[in-house]
Amino acid sequence: MKKPPYIGRFAPSPTGPLHAGSLAAALASWLDARAHGGQWLVRIEDVDTPRCVPGAADAILQQLATCGLLPDAAPIDQSQRGALYQQALDQLTHTGLAYPCGCTRQDIATVLANSGHARERHGELVYPGTCRAGLNGKPARAWRLLTAQAGQQAKVSWTDRRLGPQTQNVSEQVGDFVLRRADGLWAYQLAVVVDDAAQGITDVVRGEDLTDNTARQILLQRALGLPTTRYLHTPLVLGANGEKLSKQNGAQALLLSDPLAVLAAMNAAAACLSLPASSGSLTEALAQWVQRWTAQWALKSSGERFHHSPA
Ligand code: GLU
């Protein structure tokens, strides 16, 4: 029987070179593509230009190559794809699902405070929908997705391959979210959804810290008439303070200067994914271990639910 097509991707933001956490995410998406006999793509998510570090994209691609994680097609850069994002925004505007917003942060805070519903989520105020009915003389700043029509709510239910059933009421918990920012930059949510569809991505495998974005992305896929991808969110590498490894809590750029260092980095990434460490001498090629990990990964993902326990 012909296997259904599988296209996966690793989508790093070039804010610095890979660290142990991002290598684990890269390895997970690579293994999932290999285990499914699929393709693996790399997309450089450089839309948030102020956060991008010059040279980081090349450094990441070089680090991936050093670890043997080679994409099946040339990587693409989101910074080159503004026309596609504009097309998607135009489509949403024409179908009445996107609207311009003239509110400053202060405007939003004031409306929320006056209504007694000052809801905040991850430092973001839940937008009260002020500009749904029009700009009221204000200049347009950002563009937002109309998450729910009047009187309705946008409850999105989906099943993560590892975490199981998930539900989020996007209109209530997040509000009408930004598609194009007030500074003119494309928002991550829009760029990721447009590109996943344009690249034919069937499976998103990424770190668990991104789980919370999924309902928004599914809602946006639906609004644009795009297929919904499958999702698998993998465990995070934690820093010394027990939080997600980041530059702030000591994530070091991976040192991959010699084969021993590469092996150590890959073993650490594998351990985070509950795969056994490669053992034996260095002369036992990493490639052999990669084959074993792929076979174990295929076993883990063969059931209804991905098994994140040691194989
Ligand atoms: N660019 C995002 C990041 O580096 C990942 C986006 C995604 O995998 O959907 O955190």
# chains A, B, ... in the order shown; residues from 1 in each chain; ligands from 1
>>> residues_near_ligand(ligand="ligand 1", cutoff="8 Å", atoms="only C-alpha atoms and all ligand atoms", output="PyMOL selection string")
chain A and resi 9-14+22+44-46+188+192+204-207+210
>>> residues_around(residues="range 287-289 of chain A", least_positions_apart="6", cutoff="10 Å", atoms="only C-alpha atoms", output="list in words")
Cys67, Gly68, Leu263, Met266, Asn267, Pro276, Ala277, Ser278, Ser279 and Ala295 of chain A
>>> closest_atom_pairs(of="range 52-71 of chain A", to="range 29-42 of chain A", cutoff="9 Å", atoms="only C-alpha atoms", output="CSV")
residue,atom,partner,partner_atom,distance
A:Leu61,CA,A:Val42,CA,8.6
A:Leu69,CA,A:Trp30,CA,7.0
A:Leu70,CA,A:Trp40,CA,8.1
A:Pro71,CA,A:Leu41,CA,5.0
>>> select_by_dssp(residues="range 1-235 of chain A", states="alpha helix (DSSP H)", output="PyMOL selection string")
chain A and resi 20-35+56-66+82-94+105-115+170-173+188-198+214-223
>>> atom_distance(atom1="CA of Pro100 in chain A", atom2="CA of Gln152 in chain A")
20.5 Å
>>> residues_around(residues="Cys131 in chain A", least_positions_apart="2", cutoff="9 Å", atoms="only C-alpha atoms", output="PyMOL selection string")
chain A and resi 99-103+128-129+133-136
>>> closest_residue(among="A:Ile7, A:Glu304, A:Asp107, A:Thr147", to="Pro165 in chain A", atoms="only C-alpha atoms")
A:Glu304
>>> decode(residues="range 217-239 of chain A", atoms="N, CA and C atoms", output="CSV table (one decimal), in the first residue's frame")
chain,number,residue,atom,x,y,z
A,217,GLN,N,-3.1,28.6,15.3
A,217,GLN,CA,-2.6,28.3,14.0
A,217,GLN,C,-3.7,27.5,13.2
A,218,ILE,N,-4.4,26.6,14.0
A,218,ILE,CA,-5.5,25.8,13.4
A,218,ILE,C,-6.6,26.7,12.9
A,219,LEU,N,-6.9,27.6,13.8
A,219,LEU,CA,-8.0,28.6,13.5
A,219,LEU,C,-7.7,29.4,12.2
A,220,LEU,N,-6.4,29.8,12.1
A,220,LEU,CA,-6.0,30.5,11.0
A,220,LEU,C,-6.0,29.6,9.7
A,221,GLN,N,-5.6,28.4,9.9
A,221,GLN,CA,-5.6,27.4,8.7
A,221,GLN,C,-7.1,27.4,8.2
A,222,ARG,N,-8.0,27.2,9.2
A,222,ARG,CA,-9.4,27.1,8.8
A,222,ARG,C,-9.9,28.4,8.1
A,223,ALA,N,-9.5,29.5,8.6
A,223,ALA,CA,-9.9,30.8,8.0
A,223,ALA,C,-9.4,31.0,6.6
A,224,LEU,N,-8.3,30.4,6.3
A,224,LEU,CA,-7.7,30.5,5.0
A,224,LEU,C,-8.0,29.3,4.1
A,225,GLY,N,-8.8,28.4,4.6
A,225,GLY,CA,-9.2,27.2,3.8
A,225,GLY,C,-8.0,26.3,3.6
A,226,LEU,N,-7.1,26.2,4.5
A,226,LEU,CA,-5.9,25.4,4.4
A,226,LEU,C,-6.1,24.1,5.2
A,227,PRO,N,-5.4,23.0,4.8
A,227,PRO,CA,-5.5,21.8,5.6
A,227,PRO,C,-4.8,21.9,6.9
A,228,THR,N,-5.3,21.2,7.9
A,228,THR,CA,-4.8,21.2,9.2
A,228,THR,C,-3.6,20.1,9.3
A,229,THR,N,-2.5,20.6,9.8
A,229,THR,CA,-1.4,19.7,10.0
A,229,THR,C,-1.6,18.8,11.3
A,230,ARG,N,-0.8,17.7,11.3
A,230,ARG,CA,-0.7,17.0,12.6
A,230,ARG,C,0.3,17.7,13.5
A,231,TYR,N,0.2,17.5,14.8
A,231,TYR,CA,1.2,18.2,15.7
A,231,TYR,C,1.7,17.2,16.7
A,232,LEU,N,3.0,17.3,16.9
A,232,LEU,CA,3.7,16.5,18.0
A,232,LEU,C,4.6,17.5,18.7
A,233,HIS,N,4.3,17.7,20.0
A,233,HIS,CA,5.2,18.7,20.8
A,233,HIS,C,6.1,17.8,21.7
A,234,THR,N,7.3,18.1,21.6
A,234,THR,CA,8.3,17.3,22.3
A,234,THR,C,8.8,17.9,23.6
A,235,PRO,N,9.3,17.1,24.5
A,235,PRO,CA,9.7,17.7,25.8
A,235,PRO,C,10.9,18.7,25.6
A,236,LEU,N,11.0,19.6,26.5
A,236,LEU,CA,12.0,20.6,26.4
A,236,LEU,C,13.2,20.2,27.2
A,237,VAL,N,14.3,20.8,26.8
A,237,VAL,CA,15.6,20.7,27.6
A,237,VAL,C,15.5,21.8,28.6
A,238,LEU,N,15.6,21.4,29.9
A,238,LEU,CA,15.5,22.5,30.9
A,238,LEU,C,16.8,23.0,31.4
A,239,GLY,N,16.8,24.3,31.7
A,239,GLY,CA,18.0,24.9,32.2
A,239,GLY,C,18.2,24.6,33.7
